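Asks: Sharing my_file.cif below, mmCIF, C-alpha atoms:
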```cif
data_target
#
loop_
_atom_site.label_atom_id
_atom_site.label_comp_id
_atom_site.auth_asym_id
_atom_site.auth_seq_id
_atom_site.Cartn_x
_atom_site.Cartn_y
_atom_site.Cartn_z
CA MET A 1 -16.77 -5.95 -24.44
CA SER A 2 -13.60 -4.12 -25.44
CA ALA A 3 -11.38 -2.34 -22.94
CA PRO A 4 -11.86 1.43 -22.60
CA PRO A 5 -9.09 3.74 -23.79
CA PHE A 6 -6.24 3.88 -21.29
CA ALA A 7 -6.71 7.64 -20.87
CA LEU A 8 -10.16 7.00 -19.37
CA LEU A 9 -8.62 4.68 -16.77
CA VAL A 10 -6.10 7.34 -15.84
CA GLU A 11 -8.81 9.98 -15.56
CA GLU A 12 -11.04 7.80 -13.37
CA HIS A 13 -8.45 6.18 -11.09
CA TRP A 14 -5.39 8.42 -10.83
CA ARG A 15 -6.30 9.61 -7.32
CA ASP A 16 -6.62 6.07 -5.96
CA VAL A 17 -3.33 5.02 -7.53
CA ALA A 18 -1.54 8.11 -6.17
CA ARG A 19 -3.02 7.70 -2.67
CA LEU A 20 -2.16 4.01 -2.47
CA ALA A 21 1.36 4.61 -3.78
CA ARG A 22 2.00 7.31 -1.16
CA ALA A 23 0.48 5.19 1.61
CA LEU A 24 2.59 2.15 0.78
CA ALA A 25 5.87 3.83 -0.23
CA GLY A 26 5.73 7.15 1.63
CA PRO A 27 5.61 10.67 0.28
CA VAL A 28 9.22 10.58 -0.95
CA ASP A 29 8.86 7.48 -3.14
CA GLY A 30 5.08 7.57 -3.57
CA ASP A 31 5.05 9.72 -6.70
CA ASP A 32 7.70 7.52 -8.32
CA VAL A 33 5.71 4.40 -7.43
CA ALA A 34 2.55 5.88 -8.94
CA GLN A 35 4.39 6.82 -12.12
CA GLN A 36 5.95 3.35 -12.32
CA ALA A 37 2.53 1.77 -11.78
CA TRP A 38 0.99 3.78 -14.62
CA ALA A 39 3.90 2.88 -16.92
CA GLN A 40 3.58 -0.82 -16.10
CA ALA A 41 -0.20 -0.69 -16.47
CA LEU A 42 0.11 0.96 -19.88
CA ALA A 43 2.65 -1.63 -21.01
CA ALA A 44 0.33 -4.47 -19.94
CA TYR A 45 -2.90 -2.86 -21.16
CA PRO A 46 -5.28 -4.49 -21.75
CA PRO A 47 -4.48 -7.43 -19.47
CA PRO A 48 -4.55 -10.88 -21.11
CA GLY A 49 -7.53 -12.12 -19.07
CA GLY A 50 -9.63 -9.06 -19.83
CA LEU A 51 -10.54 -6.17 -17.57
CA ARG A 52 -13.46 -7.06 -15.28
CA ASP A 53 -12.48 -4.57 -12.55
CA PRO A 54 -10.11 -1.86 -13.80
CA ARG A 55 -9.71 -0.24 -10.37
CA ALA A 56 -8.70 -3.50 -8.67
CA TRP A 57 -6.27 -4.27 -11.49
CA LEU A 58 -4.63 -0.85 -11.17
CA LEU A 59 -4.41 -1.19 -7.38
CA VAL A 60 -2.68 -4.57 -7.75
CA VAL A 61 -0.16 -3.05 -10.16
CA THR A 62 0.42 -0.17 -7.72
CA SER A 63 0.88 -2.39 -4.68
CA ARG A 64 3.36 -4.56 -6.57
CA CYS A 65 5.35 -1.49 -7.61
CA ALA A 66 5.40 -0.34 -3.96
CA THR A 67 6.64 -3.77 -2.91
CA ASP A 68 9.45 -3.47 -5.47
CA VAL A 69 10.45 -0.10 -3.97
CA HIS A 70 10.46 -1.54 -0.43
CA ARG A 71 12.64 -4.43 -1.53
CA ALA A 72 15.05 -2.11 -3.35
CA ARG A 73 15.19 0.23 -0.35
CA ALA A 74 16.05 -2.68 1.95
CA ARG A 75 18.96 -3.69 -0.31
CA ARG A 76 20.31 -0.16 -0.75
CA PRO A 77 23.31 0.75 1.44
CA VAL A 78 23.06 3.91 3.49
CA PRO A 79 26.28 5.92 3.19
CA VAL A 80 27.68 7.45 6.37
CA GLU A 81 30.80 9.46 7.03
CA GLU A 82 31.65 7.56 10.17
CA VAL A 83 30.28 4.32 11.53
CA PRO A 84 28.83 5.06 14.99
CA GLU A 85 29.59 2.77 17.92
CA ALA A 86 25.92 2.65 18.96
CA PRO A 87 22.85 2.52 16.71
CA ALA A 88 21.25 5.84 15.85
CA GLY A 89 18.13 6.81 17.80
CA GLY A 90 15.70 7.14 14.91
CA ASP A 91 14.66 5.33 11.80
CA PRO A 92 15.71 7.22 8.64
CA ALA A 93 12.38 6.34 7.04
CA ASP A 94 10.53 8.32 9.75
CA GLY A 95 11.52 11.57 8.04
CA GLU A 96 9.31 10.73 5.08
CA LEU A 97 6.23 10.51 7.30
CA ALA A 98 6.12 14.21 8.05
CA GLY A 99 4.12 15.01 11.15
CA ALA A 100 3.14 11.38 11.75
CA ASP A 101 3.72 9.56 15.02
CA PRO A 102 6.87 7.50 14.35
CA ALA A 103 5.68 4.69 16.64
CA VAL A 104 2.50 4.24 14.60
CA TRP A 105 4.33 4.14 11.28
CA ALA A 106 6.99 1.81 12.66
CA ALA A 107 4.21 -0.54 13.77
CA VAL A 108 2.56 -0.31 10.34
CA ARG A 109 5.88 -1.04 8.59
CA ALA A 110 6.37 -4.06 10.87
CA LEU A 111 3.11 -5.67 9.67
CA PRO A 112 3.34 -8.52 7.16
CA GLU A 113 3.16 -7.23 3.60
CA ARG A 114 -0.34 -8.59 2.83
CA GLN A 115 -1.79 -7.12 6.03
CA ARG A 116 -0.12 -3.76 5.38
CA THR A 117 -1.42 -3.70 1.80
CA ALA A 118 -4.95 -4.75 2.86
CA LEU A 119 -4.97 -2.02 5.51
CA ALA A 120 -3.80 0.62 3.02
CA LEU A 121 -6.36 -0.42 0.42
CA ARG A 122 -9.13 -0.47 3.01
CA TYR A 123 -8.42 2.78 4.84
CA VAL A 124 -6.26 4.93 2.55
CA VAL A 125 -8.00 4.20 -0.74
CA ASP A 126 -11.32 3.52 1.06
CA ALA A 127 -11.86 0.37 -0.96
CA ASP A 128 -14.58 -2.01 0.18
CA HIS A 129 -13.64 -5.56 1.16
CA ALA A 130 -14.73 -6.96 -2.21
CA THR A 131 -12.39 -4.59 -4.06
CA VAL A 132 -9.54 -5.32 -1.65
CA ALA A 133 -10.15 -9.03 -2.16
CA ARG A 134 -9.96 -8.68 -5.95
CA ALA A 135 -6.79 -6.60 -5.63
CA LEU A 136 -5.14 -9.18 -3.38
CA GLY A 137 -6.52 -12.22 -5.20
CA THR A 138 -8.41 -13.51 -2.20
CA THR A 139 -11.97 -13.65 -0.85
CA PRO A 140 -13.80 -10.83 0.98
CA GLY A 141 -13.83 -12.99 4.12
CA ALA A 142 -10.06 -13.47 3.97
CA THR A 143 -9.67 -9.74 3.39
CA ARG A 144 -11.74 -8.96 6.47
CA ARG A 145 -9.47 -11.32 8.41
CA LEU A 146 -6.31 -9.64 7.08
CA VAL A 147 -7.59 -6.19 8.03
CA SER A 148 -8.83 -7.40 11.41
CA ASP A 149 -5.53 -9.13 12.20
CA ALA A 150 -3.58 -6.03 11.13
CA LEU A 151 -5.68 -3.76 13.35
CA ALA A 152 -5.33 -6.18 16.28
CA ALA A 153 -1.55 -6.28 15.82
CA LEU A 154 -1.39 -2.49 15.74
CA ARG A 155 -3.52 -2.23 18.88
CA ARG A 156 -1.29 -4.73 20.67
CA GLU A 157 1.87 -3.01 19.51
CA LEU A 158 0.66 0.47 20.42
CA GLY A 159 -1.13 -0.62 23.60
CA ALA A 160 -4.40 0.98 22.49
CA ALA A 161 -7.84 -0.55 22.80
CA GLY A 162 -10.49 0.50 20.35
CA ASP A 163 -13.19 -0.73 18.14
CA GLY A 164 -12.72 -1.11 14.41
CA ASP A 165 -15.27 -0.60 11.70
CA GLU A 166 -15.24 -4.19 10.53
CA GLY A 167 -18.95 -4.44 11.10
CA ASP A 168 -19.74 -1.55 8.80
CA GLY A 169 -20.58 -3.80 5.85
CA ARG A 170 -18.15 -2.15 3.46
#
```
What is this file in structure tokens?
Replies:
Amino acid sequence: MSAPPFALLVEEHWRDVARLARALAGPVDGDDVAQQAWAQALAAYPPPGGLRDPRAWLLVVTSRCATDVHRARARRPVPVEEVPEAPAGGDPADGELAGADPAVWAAVRALPERQRTALALRYVVDADHATVARALGTTPGATRRLVSDALAALRRELGAAGDGDEGDGR
């Protein structure tokens, strides 16, 4: 079976790529990450091993582009006019999460990369565990564990008790 034209992939999956990019990189860098993901996907299209699951492949490309942005952001110096004696009260990245509770987003950013990506794929893109597993190169059981561990860490960090939807069969 030959790969479909790239334009069909864009038409079918652009929303998922855009949503995942914004969830992983924030609204400021999200559009750039999505554009970078599409450019990298086009350059690598069709992938050497074939295209069994186009959506999962595109989500992997997107999550890797978001990881690149996070790494670049961490290395980038932040210019200031004067070096303060005490650390500033807020995280500069909180401004890109307009209207969101900064404590929640700080806890999400503190998660290990694979847990954060699994959580974003599962709840932002609304991917089922099988799709998340393909995107992360793992098994659905391991994906369930990643999501469960991420939710547990967030509950501990935020001091909230609640029940997840891990038993929903998705």
Asks: Just the residues within 10 Å of Ala142 in chain A, please, counting all atoms listed in the file, with nothing from its chain fewer than 4 positions along; format it as number ranges by chain.
Replies: A: 129, 132-133, 136-138, 146-148
Asks: Find the residue from A:Arg134, A:Arg114, A:Arg76, A:Arg145 that sits nearest to Leu59 in chain A; use only C-alpha atoms when measuring.
Replies: A:Arg134
Asks: Return the single residue from A:Pro4, A:Gly159, A:Pro112, A:Pro77 that is closest to Pro47 in chain A, with distances computed using only C-alpha atoms.
Replies: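 Selected residue with least distance to Pro47 in chain A: A:Pro4.
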Asks: Tell me which residues come within 12 Å of (-3.9, -5.8, 16.7), as a PyMOL selection string, counting all atoms listed in the file in the file's coordinates.
Replies: chain A and resi 107-108+110-111+115+119+145-164
Asks: Might you spell out which residues the PyMOL selection byres ((chain A and resi 121) around 10) would select in the displayed file, as JSON, numbers by chain?
Replies: {"A": [16, 19, 20, 23, 24, 56, 59, 60, 63, 115, 116, 117, 118, 119, 120, 122, 123, 124, 125, 126, 127, 128, 129, 131, 132, 133, 135, 136, 147]}
Asks: Could the residues in this selection be saved with C-alpha atoms as a PDB file, keeping the file's coordinate frame?
Replies:
```
ATOM      1  CA  ASP A  16      -6.620   6.070  -5.960  1.00  0.00           C
ATOM      2  CA  ARG A  19      -3.020   7.700  -2.670  1.00  0.00           C
ATOM      3  CA  LEU A  20      -2.160   4.010  -2.470  1.00  0.00           C
ATOM      4  CA  ALA A  23       0.480   5.190   1.610  1.00  0.00           C
ATOM      5  CA  LEU A  24       2.590   2.150   0.780  1.00  0.00           C
ATOM      6  CA  ALA A  56      -8.700  -3.500  -8.670  1.00  0.00           C
ATOM      7  CA  LEU A  59      -4.410  -1.190  -7.380  1.00  0.00           C
ATOM      8  CA  VAL A  60      -2.680  -4.570  -7.750  1.00  0.00           C
ATOM      9  CA  SER A  63       0.880  -2.390  -4.680  1.00  0.00           C
ATOM     10  CA  GLN A 115      -1.790  -7.120   6.030  1.00  0.00           C
ATOM     11  CA  ARG A 116      -0.120  -3.760   5.380  1.00  0.00           C
ATOM     12  CA  THR A 117      -1.420  -3.700   1.800  1.00  0.00           C
ATOM     13  CA  ALA A 118      -4.950  -4.750   2.860  1.00  0.00           C
ATOM     14  CA  LEU A 119      -4.970  -2.020   5.510  1.00  0.00           C
ATOM     15  CA  ALA A 120      -3.800   0.620   3.020  1.00  0.00           C
ATOM     16  CA  ARG A 122      -9.130  -0.470   3.010  1.00  0.00           C
ATOM     17  CA  TYR A 123      -8.420   2.780   4.840  1.00  0.00           C
ATOM     18  CA  VAL A 124      -6.260   4.930   2.550  1.00  0.00           C
ATOM     19  CA  VAL A 125      -8.000   4.200  -0.740  1.00  0.00           C
ATOM     20  CA  ASP A 126     -11.320   3.520   1.060  1.00  0.00           C
ATOM     21  CA  ALA A 127     -11.860   0.370  -0.960  1.00  0.00           C
ATOM     22  CA  ASP A 128     -14.580  -2.010   0.180  1.00  0.00           C
ATOM     23  CA  HIS A 129     -13.640  -5.560   1.160  1.00  0.00           C
ATOM     24  CA  THR A 131     -12.390  -4.590  -4.060  1.00  0.00           C
ATOM     25  CA  VAL A 132      -9.540  -5.320  -1.650  1.00  0.00           C
ATOM     26  CA  ALA A 133     -10.150  -9.030  -2.160  1.00  0.00           C
ATOM     27  CA  ALA A 135      -6.790  -6.600  -5.630  1.00  0.00           C
ATOM     28  CA  LEU A 136      -5.140  -9.180  -3.380  1.00  0.00           C
ATOM     29  CA  VAL A 147      -7.590  -6.190   8.030  1.00  0.00           C
TER      30      VAL A 147
END
```
Asks: CA of Thr62 in chain A and CA of Ala106 in chain A are how many Å apart?
Replies: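 Going from CA of Thr62 in chain A over to CA of Ala106 in chain A, I get 21.5 Å.
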Asks: Report as a PDB file with C-alpha atoms, keeping the file's coordinate frame the full result of the PyMOL selection byres ((chain A and resi 27-37) around 8) when it is applied to this structure.
Replies:
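To be explicit, this is the file written out as result.pdb:
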```pdb
ATOM      1  CA  VAL A  17      -3.330   5.020  -7.530  1.00  0.00           C
ATOM      2  CA  ALA A  18      -1.540   8.110  -6.170  1.00  0.00           C
ATOM      3  CA  ALA A  21       1.360   4.610  -3.780  1.00  0.00           C
ATOM      4  CA  ARG A  22       2.000   7.310  -1.160  1.00  0.00           C
ATOM      5  CA  ALA A  23       0.480   5.190   1.610  1.00  0.00           C
ATOM      6  CA  LEU A  24       2.590   2.150   0.780  1.00  0.00           C
ATOM      7  CA  ALA A  25       5.870   3.830  -0.230  1.00  0.00           C
ATOM      8  CA  GLY A  26       5.730   7.150   1.630  1.00  0.00           C
ATOM      9  CA  TRP A  38       0.990   3.780 -14.620  1.00  0.00           C
ATOM     10  CA  ALA A  39       3.900   2.880 -16.920  1.00  0.00           C
ATOM     11  CA  GLN A  40       3.580  -0.820 -16.100  1.00  0.00           C
ATOM     12  CA  ALA A  41      -0.200  -0.690 -16.470  1.00  0.00           C
ATOM     13  CA  LEU A  58      -4.630  -0.850 -11.170  1.00  0.00           C
ATOM     14  CA  VAL A  61      -0.160  -3.050 -10.160  1.00  0.00           C
ATOM     15  CA  THR A  62       0.420  -0.170  -7.720  1.00  0.00           C
ATOM     16  CA  CYS A  65       5.350  -1.490  -7.610  1.00  0.00           C
ATOM     17  CA  ALA A  66       5.400  -0.340  -3.960  1.00  0.00           C
ATOM     18  CA  VAL A  69      10.450  -0.100  -3.970  1.00  0.00           C
ATOM     19  CA  GLU A  96       9.310  10.730   5.080  1.00  0.00           C
ATOM     20  CA  LEU A  97       6.230  10.510   7.300  1.00  0.00           C
TER      21      LEU A  97
END
```
Asks: What is the distance, in Å and to one decimal place, between CA of Arg15 in chain A and CA of His70 in chain A?
Replies: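 It comes out at 21.3 Å.
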Asks: Mind giving me the straight-line distance from CA of Trp57 in chain A to CA of Trp105 in chain A in Å, one decimal?
Replies: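 Separation between CA of Trp57 in chain A and CA of Trp105 in chain A: 26.5 Å.
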